[in-house]
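Next comes final15.pdb, a file with PDB, C-alpha atoms.
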```pdb
ATOM      1  CA  MET T 172     193.480  30.722   9.276  1.00  0.00           C
ATOM      2  CA  GLU T 173     196.380  32.879  10.426  1.00  0.00           C
ATOM      3  CA  TYR T 174     198.708  31.284   7.868  1.00  0.00           C
ATOM      4  CA  ALA T 175     196.132  31.766   5.118  1.00  0.00           C
ATOM      5  CA  LYS T 176     195.782  35.438   6.017  1.00  0.00           C
ATOM      6  CA  LYS T 177     199.550  35.870   6.161  1.00  0.00           C
ATOM      7  CA  TYR T 178     200.385  34.223   2.838  1.00  0.00           C
ATOM      8  CA  ASN T 179     197.251  35.226   0.892  1.00  0.00           C
ATOM      9  CA  PRO T 180     196.242  38.582   2.347  1.00  0.00           C
ATOM     10  CA  GLY T 181     194.228  39.554  -0.746  1.00  0.00           C
ATOM     11  CA  VAL T 182     191.624  36.826  -0.218  1.00  0.00           C
ATOM     12  CA  PRO T 183     188.689  38.100   1.863  1.00  0.00           C
ATOM     13  CA  GLN T 184     187.585  36.079   4.898  1.00  0.00           C
ATOM     14  CA  GLU T 185     184.262  35.047   3.341  1.00  0.00           C
ATOM     15  CA  LYS T 186     186.096  33.523   0.350  1.00  0.00           C
ATOM     16  CA  ARG T 187     188.369  31.337   2.464  1.00  0.00           C
ATOM     17  CA  LEU T 188     187.424  27.680   2.460  1.00  0.00           C
ATOM     18  CA  ASN T 189     188.141  25.157   5.196  1.00  0.00           C
ATOM     19  CA  ARG T 190     189.577  22.877   2.515  1.00  0.00           C
ATOM     20  CA  THR T 191     192.155  25.518   1.621  1.00  0.00           C
ATOM     21  CA  VAL T 192     193.308  25.731   5.232  1.00  0.00           C
ATOM     22  CA  GLN T 193     193.310  21.931   5.531  1.00  0.00           C
ATOM     23  CA  ALA T 194     195.388  21.637   2.357  1.00  0.00           C
ATOM     24  CA  TRP T 195     197.877  24.172   3.720  1.00  0.00           C
ATOM     25  CA  SER T 196     198.266  22.177   6.952  1.00  0.00           C
ATOM     26  CA  ASN T 197     198.744  18.965   4.920  1.00  0.00           C
ATOM     27  CA  VAL T 198     201.554  20.635   3.003  1.00  0.00           C
ATOM     28  CA  LEU T 199     203.195  21.773   6.249  1.00  0.00           C
ATOM     29  CA  ALA T 200     203.031  18.214   7.625  1.00  0.00           C
ATOM     30  CA  LEU T 201     204.521  16.736   4.435  1.00  0.00           C
ATOM     31  CA  TRP T 202     207.260  19.368   4.428  1.00  0.00           C
ATOM     32  CA  GLU T 203     208.195  18.527   8.022  1.00  0.00           C
ATOM     33  CA  ALA T 204     208.155  14.776   7.300  1.00  0.00           C
ATOM     34  CA  MET T 205     210.408  15.262   4.269  1.00  0.00           C
ATOM     35  CA  LYS T 206     212.867  17.359   6.293  1.00  0.00           C
ATOM     36  CA  ARG T 207     213.052  14.631   8.935  1.00  0.00           C
ATOM     37  CA  ALA T 208     213.496  11.863   6.349  1.00  0.00           C
ATOM     38  CA  ASP T 209     216.189  13.846   4.557  1.00  0.00           C
ATOM     39  CA  LYS T 210     218.035  14.426   7.830  1.00  0.00           C
ATOM     40  CA  ALA T 211     217.918  10.642   8.407  1.00  0.00           C
ATOM     41  CA  GLY T 212     219.294  10.076   4.881  1.00  0.00           C
ATOM     42  CA  GLN T 213     216.129   8.330   3.698  1.00  0.00           C
ATOM     43  CA  LEU T 214     214.342  10.796   1.460  1.00  0.00           C
ATOM     44  CA  ASN T 215     212.201   8.217  -0.355  1.00  0.00           C
ATOM     45  CA  GLY T 216     208.644   6.957  -0.022  1.00  0.00           C
ATOM     46  CA  GLU T 217     209.220   4.539   2.851  1.00  0.00           C
ATOM     47  CA  GLY T 218     211.700   6.881   4.552  1.00  0.00           C
ATOM     48  CA  ILE T 219     209.254   9.772   4.463  1.00  0.00           C
ATOM     49  CA  LEU T 220     206.650   7.549   6.079  1.00  0.00           C
ATOM     50  CA  LYS T 221     208.864   5.877   8.699  1.00  0.00           C
ATOM     51  CA  LYS T 222     211.541   8.513   9.424  1.00  0.00           C
ATOM     52  CA  GLY T 223     209.221  11.431   8.754  1.00  0.00           C
ATOM     53  CA  PHE T 224     205.578  11.011   9.661  1.00  0.00           C
ATOM     54  CA  GLU T 225     206.039   8.268  12.252  1.00  0.00           C
ATOM     55  CA  THR T 226     208.531  10.400  14.209  1.00  0.00           C
ATOM     56  CA  MET T 227     206.051  13.260  14.472  1.00  0.00           C
ATOM     57  CA  ARG T 228     204.090  11.719  17.356  1.00  0.00           C
ATOM     58  CA  ASN T 229     203.591  14.130  20.248  1.00  0.00           C
ATOM     59  CA  SER T 230     204.992  16.956  18.139  1.00  0.00           C
ATOM     60  CA  THR T 231     203.597  20.391  17.476  1.00  0.00           C
ATOM     61  CA  LEU T 232     203.268  21.451  13.870  1.00  0.00           C
ATOM     62  CA  GLY T 233     202.463  25.120  14.020  1.00  0.00           C
ATOM     63  CA  TRP T 234     199.101  25.122  15.744  1.00  0.00           C
ATOM     64  CA  VAL T 235     198.342  21.365  15.694  1.00  0.00           C
ATOM     65  CA  VAL T 236     199.584  18.790  18.210  1.00  0.00           C
ATOM     66  CA  LEU T 237     200.187  15.503  16.435  1.00  0.00           C
ATOM     67  CA  SER T 238     199.541  12.356  18.410  1.00  0.00           C
TER      68      SER T 238
END
```
Full structure transcribed into structure tokens:
Amino acid sequence: MEYAKKYNPGVPQEKRLNRTVQAWSNVLALWEAMKRADKAGQLNGEGILKKGFETMRNSTLGWVVLS
């Protein structure tokens, strides 16, 4: 919710949907996975999965601990 408030301050609290916040966290996770895959030189579908998402175990992504 803090990110939503920071990046969309004009949207009142009662208009914020859980799905919007969930979508924002999905984007943050994909962004992190793509950065990791790119760093490994494998910025493609399988690389994003294996060198990105699979290396995020026991990591903290903003406010969420991935396990």
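With distances restricted to only C-alpha atoms, T:Trp202 is the closest residue to Leu214 of chain T from T:Tyr174, T:Trp202, T:Asn229, T:Pro183.
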Checklist entry - So what do you get for atom CA of Glu217 of chain T versus atom CA of Ser230 of chain T, distance-wise? => result 20.1 Å
Next on the checklist: Need to verify the contact set: Asp209 of chain T, 10 Å, only C-alpha atoms, exclusion of same-chain residues closer than 6 positions in sequence. Can you return it as number ranges by chain?
Outcome noted: T: 203, 215, 218-219, 222-223
Checklist entry - If we count all atoms listed in the file, what is near Val192 of chain T at a cut-off of 10 Å, once residues fewer than 4 positions away on the same chain are taken out, given as a PyMOL selection string? => result chain T and resi 172-175+187-188+196-198
For the residues in that selection, give me C-alpha atoms as a CSV table (one decimal), in the frame of the given file.
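This is the output file result-v9.csv:
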```csv
chain,number,residue,atom,x,y,z
T,172,MET,CA,193.5,30.7,9.3
T,173,GLU,CA,196.4,32.9,10.4
T,174,TYR,CA,198.7,31.3,7.9
T,175,ALA,CA,196.1,31.8,5.1
T,187,ARG,CA,188.4,31.3,2.5
T,188,LEU,CA,187.4,27.7,2.5
T,196,SER,CA,198.3,22.2,7.0
T,197,ASN,CA,198.7,19.0,4.9
T,198,VAL,CA,201.6,20.6,3.0
```
Checklist outcome for this item: From atom CA of Gln193 of chain T to atom CA of Leu220 of chain T the spacing works out at 19.6 Å
Checklist entry - Any idea what the distance is between atom CA of Ala211 of chain T and atom CA of Arg228 of chain T? => result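 Between atom CA of Ala211 of chain T and atom CA of Arg228 of chain T the gap is 16.5 Å.
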